[in-house]
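Undergrad: Just one file: protein25.pdb, with PDB, C-alpha atoms.
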MODEL        1
ATOM      1  CA  SER A   1     -10.222  39.870  41.260
ATOM      2  CA  ALA A   2     -11.456  36.959  39.155
ATOM      3  CA  TRP A   3     -10.025  34.707  36.540
ATOM      4  CA  LEU A   4     -12.340  33.406  33.873
ATOM      5  CA  VAL A   5     -11.384  30.245  32.041
ATOM      6  CA  SER A   6     -13.410  29.178  29.039
ATOM      7  CA  VAL A   7     -13.295  25.499  28.216
ATOM      8  CA  PRO A   8     -14.916  24.585  24.909
ATOM      9  CA  LYS A   9     -17.063  21.497  24.768
ATOM     10  CA  ALA A  10     -15.057  18.456  23.879
ATOM     11  CA  ARG A  11     -15.328  17.418  20.268
ATOM     12  CA  THR A  12     -16.915  14.109  19.715
ATOM     13  CA  VAL A  13     -14.432  11.852  18.027
ATOM     14  CA  THR A  14     -15.988   9.297  15.759
ATOM     15  CA  GLU A  15     -14.142   6.406  14.253
ATOM     16  CA  GLN A  16     -14.980   5.254  10.758
ATOM     17  CA  ASN A  17     -13.727   2.252   8.855
ATOM     18  CA  PHE A  18     -13.476   2.420   5.092
ATOM     19  CA  PRO A  19     -13.129  -0.950   3.383
ATOM     20  CA  ALA A  20     -11.268  -1.109   0.099
ATOM     21  CA  ILE A  21     -13.415  -0.619  -2.998
ATOM     22  CA  ALA A  22     -10.800  -2.220  -5.285
ATOM     23  CA  ASP A  23      -7.526  -4.090  -4.936
ATOM     24  CA  ALA A  24      -5.306  -6.132  -7.197
ATOM     25  CA  THR A  25      -1.792  -7.469  -7.597
ATOM     26  CA  VAL A  26       0.073  -6.965 -10.853
ATOM     27  CA  LYS A  27       2.568  -9.554 -12.008
ATOM     28  CA  GLN A  28       5.458  -8.581 -14.233
ATOM     29  CA  GLY A  29       7.485 -10.408 -16.862
ATOM     30  CA  ARG A  30       5.642 -13.109 -18.786
ATOM     31  CA  HIS A  31       2.574 -12.526 -16.569
ATOM     32  CA  ALA A  32       2.333  -8.805 -17.440
ATOM     33  CA  LYS A  33      -1.044  -9.158 -19.200
ATOM     34  CA  GLU A  34      -2.677 -11.148 -16.387
ATOM     35  CA  ASN A  35      -5.238  -9.662 -14.007
ATOM     36  CA  SER A  36      -5.605 -10.927 -10.433
ATOM     37  CA  GLY A  37      -8.362  -8.598  -9.232
ATOM     38  CA  VAL A  38     -10.476 -11.383  -7.721
ATOM     39  CA  SER A  39      -7.669 -13.143  -5.839
ATOM     40  CA  PRO A  40      -8.126 -13.619  -2.067
ATOM     41  CA  VAL A  41      -4.548 -12.379  -1.507
ATOM     42  CA  LEU A  42      -2.471  -9.400  -2.531
ATOM     43  CA  GLN A  43       1.242  -9.983  -3.019
ATOM     44  CA  VAL A  44       4.386  -7.880  -2.830
ATOM     45  CA  LEU A  45       7.658  -9.398  -4.006
ATOM     46  CA  ARG A  46      10.811  -8.071  -5.654
ATOM     47  CA  HIS A  47      12.859 -10.683  -7.513
ATOM     48  CA  SER A  48      15.801 -10.692  -9.912
ATOM     49  CA  ASN A  49      13.562 -12.715 -12.263
ATOM     50  CA  PRO A  50      10.842 -10.265 -13.456
ATOM     51  CA  ASP A  51       8.376 -13.155 -13.834
ATOM     52  CA  ARG A  52       8.206 -13.334 -10.022
ATOM     53  CA  ASN A  53       7.745  -9.598  -9.302
ATOM     54  CA  ARG A  54       4.462  -8.689  -7.578
ATOM     55  CA  ILE A  55       3.155  -5.173  -6.875
ATOM     56  CA  SER A  56      -0.208  -4.442  -5.272
ATOM     57  CA  PHE A  57      -2.722  -1.611  -5.444
ATOM     58  CA  ILE A  58      -5.546  -0.754  -3.040
ATOM     59  CA  LYS A  59      -8.251   1.868  -3.616
ATOM     60  CA  PHE A  60     -10.562   3.449  -1.024
ATOM     61  CA  ALA A  61     -13.483   5.865  -1.335
ATOM     62  CA  VAL A  62     -13.622   8.499   1.403
ATOM     63  CA  ASP A  63     -16.735  10.628   1.719
ATOM     64  CA  GLY A  64     -17.104  14.076   3.240
ATOM     65  CA  ASN A  65     -14.731  16.764   4.416
ATOM     66  CA  ARG A  66     -11.249  15.252   4.712
ATOM     67  CA  GLU A  67      -9.776  18.394   6.274
ATOM     68  CA  GLY A  68     -11.576  17.568   9.531
ATOM     69  CA  ILE A  69      -9.858  14.208   9.784
ATOM     70  CA  HIS A  70      -7.797  14.048  12.944
ATOM     71  CA  ARG A  71      -5.963  10.847  12.059
ATOM     72  CA  ALA A  72      -6.137   8.330   9.222
ATOM     73  CA  LEU A  73      -4.507   4.914   9.359
ATOM     74  CA  LEU A  74      -3.957   2.358   6.623
ATOM     75  CA  ARG A  75      -4.268  -1.034   8.301
ATOM     76  CA  LEU A  76      -3.513  -4.261   6.445
ATOM     77  CA  HIS A  77      -3.396  -7.899   7.483
ATOM     78  CA  GLY A  78      -0.722 -10.154   6.079
ATOM     79  CA  LYS A  79       2.340 -12.267   6.595
ATOM     80  CA  ARG A  80       5.816 -12.711   5.255
ATOM     81  CA  VAL A  81       6.238 -15.710   2.965
ATOM     82  CA  SER A  82       9.637 -17.132   2.206
ATOM     83  CA  ASP A  83      11.517 -19.932   0.486
ATOM     84  CA  TYR A  84      13.454 -20.343   3.759
ATOM     85  CA  PRO A  85      12.076 -21.314   7.171
ATOM     86  CA  PHE A  86      14.055 -18.882   9.342
ATOM     87  CA  ASP A  87      12.099 -16.146  11.075
ATOM     88  CA  ASP A  88      12.606 -12.691   9.681
ATOM     89  CA  SER A  89      10.604  -9.671   8.624
ATOM     90  CA  PHE A  90       9.782  -8.108   5.272
ATOM     91  CA  THR A  91       9.350  -4.379   4.736
ATOM     92  CA  LEU A  92       7.556  -2.795   1.803
ATOM     93  CA  ARG A  93       6.953   0.805   0.765
ATOM     94  CA  VAL A  94       3.531   2.383   0.577
ATOM     95  CA  TYR A  95       3.014   5.255  -1.864
ATOM     96  CA  GLY A  96      -0.094   7.376  -2.241
ATOM     97  CA  LEU A  97      -0.838   7.831  -5.947
ATOM     98  CA  ALA A  98      -2.638  10.666  -7.669
ATOM     99  CA  ASP A  99      -3.894   8.337 -10.418
ATOM    100  CA  ASP A 100      -7.084   6.592  -9.255
ATOM    101  CA  THR A 101      -8.371   5.668 -12.727
ATOM    102  CA  TRP A 102      -7.491   1.958 -12.601
ATOM    103  CA  GLN A 103     -10.179  -0.707 -12.288
ATOM    104  CA  GLU A 104      -9.801  -3.888 -10.244
ATOM    105  CA  LEU A 105     -10.751  -6.288 -13.051
ATOM    106  CA  ASP A 106      -8.653  -4.496 -15.699
ATOM    107  CA  LEU A 107      -5.394  -3.787 -13.858
ATOM    108  CA  THR A 108      -2.273  -5.483 -15.265
ATOM    109  CA  ALA A 109       1.439  -4.691 -15.181
ATOM    110  CA  GLU A 110       1.032  -3.103 -18.603
ATOM    111  CA  SER A 111      -1.670  -0.678 -17.412
ATOM    112  CA  ALA A 112      -0.630  -0.124 -13.780
ATOM    113  CA  PRO A 113      -0.088   3.534 -12.829
ATOM    114  CA  GLY A 114       3.234   4.673 -11.416
ATOM    115  CA  VAL A 115       5.338   1.526 -11.842
ATOM    116  CA  CYS A 116       7.899   0.263 -14.316
ATOM    117  CA  ARG A 117       6.729  -2.460 -16.652
ATOM    118  CA  THR A 118       9.510  -5.013 -16.112
ATOM    119  CA  VAL A 119      11.180  -4.236 -12.786
ATOM    120  CA  SER A 120       9.762  -3.782  -9.290
ATOM    121  CA  ALA A 121      10.304  -0.030  -9.123
ATOM    122  CA  THR A 122       8.331   3.164  -9.326
ATOM    123  CA  GLU A 123       8.213   4.817 -12.722
ATOM    124  CA  ARG A 124      10.406   7.863 -13.264
ATOM    125  CA  GLY A 125       8.288  10.972 -12.703
ATOM    126  CA  ALA A 126       5.402   9.103 -11.025
ATOM    127  CA  ILE A 127       6.949   9.441  -7.576
ATOM    128  CA  THR A 128       8.625  12.780  -6.905
ATOM    129  CA  LEU A 129       9.876  14.748  -3.926
ATOM    130  CA  SER A 130       6.326  16.012  -3.501
ATOM    131  CA  SER A 131       5.045  12.422  -3.338
ATOM    132  CA  PRO A 132       7.428  10.451  -1.117
ATOM    133  CA  PRO A 133       6.361   7.149   0.391
ATOM    134  CA  VAL A 134       3.547   7.663   2.875
ATOM    135  CA  GLY A 135       5.177   4.952   4.942
ATOM    136  CA  HIS A 136       6.675   1.509   5.279
ATOM    137  CA  MET A 137       4.935  -1.638   6.495
ATOM    138  CA  THR A 138       6.649  -4.630   8.014
ATOM    139  CA  PHE A 139       5.268  -8.151   8.236
ATOM    140  CA  THR A 140       6.632 -11.277   9.928
ATOM    141  CA  ASN A 141       6.204 -15.015   9.393
ATOM    142  CA  GLU A 142       3.656 -15.081  12.218
ATOM    143  CA  GLY A 143       1.329 -12.757  10.348
ATOM    144  CA  GLY A 144      -0.888 -10.056  11.738
ATOM    145  CA  PHE A 145      -1.800  -6.436  11.202
ATOM    146  CA  SER A 146       0.514  -3.607  10.230
ATOM    147  CA  GLU A 147      -0.597   0.006  10.079
ATOM    148  CA  ILE A 148       0.809   3.363   9.101
ATOM    149  CA  ASP A 149      -0.401   6.919   9.487
ATOM    150  CA  VAL A 150      -1.621   8.266   6.123
ATOM    151  CA  THR A 151      -3.333  11.416   7.461
ATOM    152  CA  SER A 152      -1.431  13.917   5.305
ATOM    153  CA  PHE A 153      -2.075  11.991   2.099
ATOM    154  CA  VAL A 154      -5.791  11.611   2.873
ATOM    155  CA  ARG A 155      -6.214  15.303   3.733
ATOM    156  CA  GLU A 156      -4.279  16.578   0.714
ATOM    157  CA  HIS A 157      -5.583  14.186  -1.950
ATOM    158  CA  PRO A 158      -7.648  16.116  -4.526
ATOM    159  CA  ASP A 159     -10.622  13.737  -4.680
ATOM    160  CA  GLY A 160     -12.510  11.135  -2.648
ATOM    161  CA  GLU A 161     -10.775   8.085  -4.140
ATOM    162  CA  LEU A 162      -7.422   7.138  -2.632
ATOM    163  CA  THR A 163      -4.963   4.711  -4.232
ATOM    164  CA  PHE A 164      -2.100   3.131  -2.341
ATOM    165  CA  LEU A 165       0.763   1.386  -4.152
ATOM    166  CA  LEU A 166       2.483  -1.413  -2.204
ATOM    167  CA  ILE A 167       5.932  -2.206  -3.582
ATOM    168  CA  ARG A 168       9.332  -3.581  -2.673
ATOM    169  CA  GLU A 169      12.072  -1.575  -4.391
ATOM    170  CA  LEU A 170      15.840  -1.823  -4.380
ATOM    171  CA  LYS A 171      16.736   1.349  -2.492
ATOM    172  CA  TRP A 172      18.416   0.163   0.720
ATOM    173  CA  PRO A 173      20.954  -2.569   1.464
ATOM    174  CA  GLY A 174      19.254  -5.936   1.870
ATOM    175  CA  GLU A 175      16.323  -5.160  -0.420
ATOM    176  CA  ASP A 176      17.844  -7.199  -3.220
ATOM    177  CA  SER A 177      16.904 -10.560  -1.711
ATOM    178  CA  ASP A 178      14.851 -12.902  -3.889
ATOM    179  CA  PHE A 179      13.655 -15.313  -1.232
ATOM    180  CA  ALA A 180      10.829 -13.485   0.560
ATOM    181  CA  GLY A 181       7.653 -11.524  -0.038
ATOM    182  CA  VAL A 182       4.354 -10.625   1.608
ATOM    183  CA  GLU A 183       0.871 -12.004   1.185
ATOM    184  CA  LEU A 184      -1.921  -9.661   2.327
ATOM    185  CA  THR A 185      -5.592 -10.369   2.749
ATOM    186  CA  SER A 186      -7.479  -8.805  -0.152
ATOM    187  CA  ARG A 187     -11.058  -7.565   0.033
ATOM    188  CA  GLU A 188     -12.141 -10.845  -1.550
ATOM    189  CA  GLY A 189     -10.282 -12.769   1.140
TER     190      GLY A 189
ENDMDL
END
As a first step, turn the structure in this file into structure tokens.
TA:
Amino acid sequence: SAWLVSVPKARTVTEQNFPAIADATVKQGRHAKENSGVSPVLQVLRHSNPDRNRISFIKFAVDGNREGIHRALLRLHGKRVSDYPFDDSFTLRVYGLADDTWQELDLTAESAPGVCRTVSATERGAITLSSPPVGHMTFTNEGGFSEIDVTSFVREHPDGELTFLLIRELKWPGEDSDFAGVELTSREG
């Protein structure tokens, strides 16, 4: 007797990097009409004073068949910044948005998709049970890279432009602190 085992040829795995095509931080409060699309840093900060709130957006263009993607990672470089010198970490939420119509040089808190106009929070109806956070990123005072798996969002997104919203919201204990935020390297930086 014989036993025949068929082993398919191994798939060639190729790695591709997609740089951001647009990114910007929106500032709330009295800065709500300002655009910071050419800044070398992106910021995320939640503060009791709306003038200090910062929410960031990053857009990517992905070509080709996204269903064949084995794994997609969002990788950002940044560091925690704080009014206090003690070492700690800062965690922010990352949402994948359906609205990719914003432009880097036009984005302000008044035109930003999916966020409230005066408080660091997602807009009611913009984020639903079918669009939970795609992940959380944590940064320390030392700085460095943080990455999360965004494969499902990339595969299921209806078009080739992908927008990620980076925000600190008051949802868990300890997220109401005013003294820390994150600065990320933007595409201009």
Undergrad: Quick one: residues within 9 Å of Arg30 of chain A, only C-alpha atoms, excluding same-chain residues fewer than 3 positions away - as a ChimeraX atom specification?
TA: /A:27,33-34,50-51
Undergrad: Output C-alpha atoms of each residue in that selection to a file, as a PDB file, keeping the file's coordinate frame.
TA:
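Wrote selection08.pdb, looks like this:
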ATOM      1  CA  LYS A  27       2.568  -9.554 -12.008  1.00  0.00           C
ATOM      2  CA  LYS A  33      -1.044  -9.158 -19.200  1.00  0.00           C
ATOM      3  CA  GLU A  34      -2.677 -11.148 -16.387  1.00  0.00           C
ATOM      4  CA  PRO A  50      10.842 -10.265 -13.456  1.00  0.00           C
ATOM      5  CA  ASP A  51       8.376 -13.155 -13.834  1.00  0.00           C
TER       6      ASP A  51
END
Undergrad: Could you check how far atom CA of His31 of chain A sits from atom CA of Gly181 of chain A, in Å to one decimal?
TA: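 Distance between the two atoms: 17.3 Å.
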Undergrad: Kindly provide, as an MDAnalysis selection string, the polymer residues lying within 10 Å of (4.5, -8.3, 3.8), counting only C-alpha atoms and using the coordinates exactly as they appear in the file.
TA: chainID A and resid 42:45 76:81 89:93 137:141 143:146 166:168 180:184
Undergrad: Identify which of the residues A:Val150, A:Ile21, A:Ala109, A:Ala32 lies closest to Arg75 of chain A, counting all atoms listed in the file when measuring atom-to-atom distances.
TA: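 Result for the nearest residue to Arg75 of chain A: A:Val150.
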Undergrad: To test your reading of the syntax: which residues would the PyMOL selection byres ((chain A and resi 99) around 12) return for the file shown? Reply as an mmCIF file with C-alpha atoms, in the coordinates of the input.
TA:
data_model
loop_
_atom_site.group_PDB
_atom_site.id
_atom_site.type_symbol
_atom_site.label_atom_id
_atom_site.label_comp_id
_atom_site.auth_asym_id
_atom_site.auth_seq_id
_atom_site.Cartn_x
_atom_site.Cartn_y
_atom_site.Cartn_z
ATOM 1 C CA PHE A 57 -2.722 -1.611 -5.444
ATOM 2 C CA ILE A 58 -5.546 -0.754 -3.040
ATOM 3 C CA LYS A 59 -8.251 1.868 -3.616
ATOM 4 C CA TYR A 95 3.014 5.255 -1.864
ATOM 5 C CA GLY A 96 -0.094 7.376 -2.241
ATOM 6 C CA LEU A 97 -0.838 7.831 -5.947
ATOM 7 C CA ALA A 98 -2.638 10.666 -7.669
ATOM 8 C CA ASP A 100 -7.084 6.592 -9.255
ATOM 9 C CA THR A 101 -8.371 5.668 -12.727
ATOM 10 C CA TRP A 102 -7.491 1.958 -12.601
ATOM 11 C CA GLN A 103 -10.179 -0.707 -12.288
ATOM 12 C CA SER A 111 -1.670 -0.678 -17.412
ATOM 13 C CA ALA A 112 -0.630 -0.124 -13.780
ATOM 14 C CA PRO A 113 -0.088 3.534 -12.829
ATOM 15 C CA GLY A 114 3.234 4.673 -11.416
ATOM 16 C CA VAL A 115 5.338 1.526 -11.842
ATOM 17 C CA ALA A 126 5.402 9.103 -11.025
ATOM 18 C CA ILE A 127 6.949 9.441 -7.576
ATOM 19 C CA HIS A 157 -5.583 14.186 -1.950
ATOM 20 C CA PRO A 158 -7.648 16.116 -4.526
ATOM 21 C CA ASP A 159 -10.622 13.737 -4.680
ATOM 22 C CA GLY A 160 -12.510 11.135 -2.648
ATOM 23 C CA GLU A 161 -10.775 8.085 -4.140
ATOM 24 C CA LEU A 162 -7.422 7.138 -2.632
ATOM 25 C CA THR A 163 -4.963 4.711 -4.232
ATOM 26 C CA PHE A 164 -2.100 3.131 -2.341
ATOM 27 C CA LEU A 165 0.763 1.386 -4.152
#
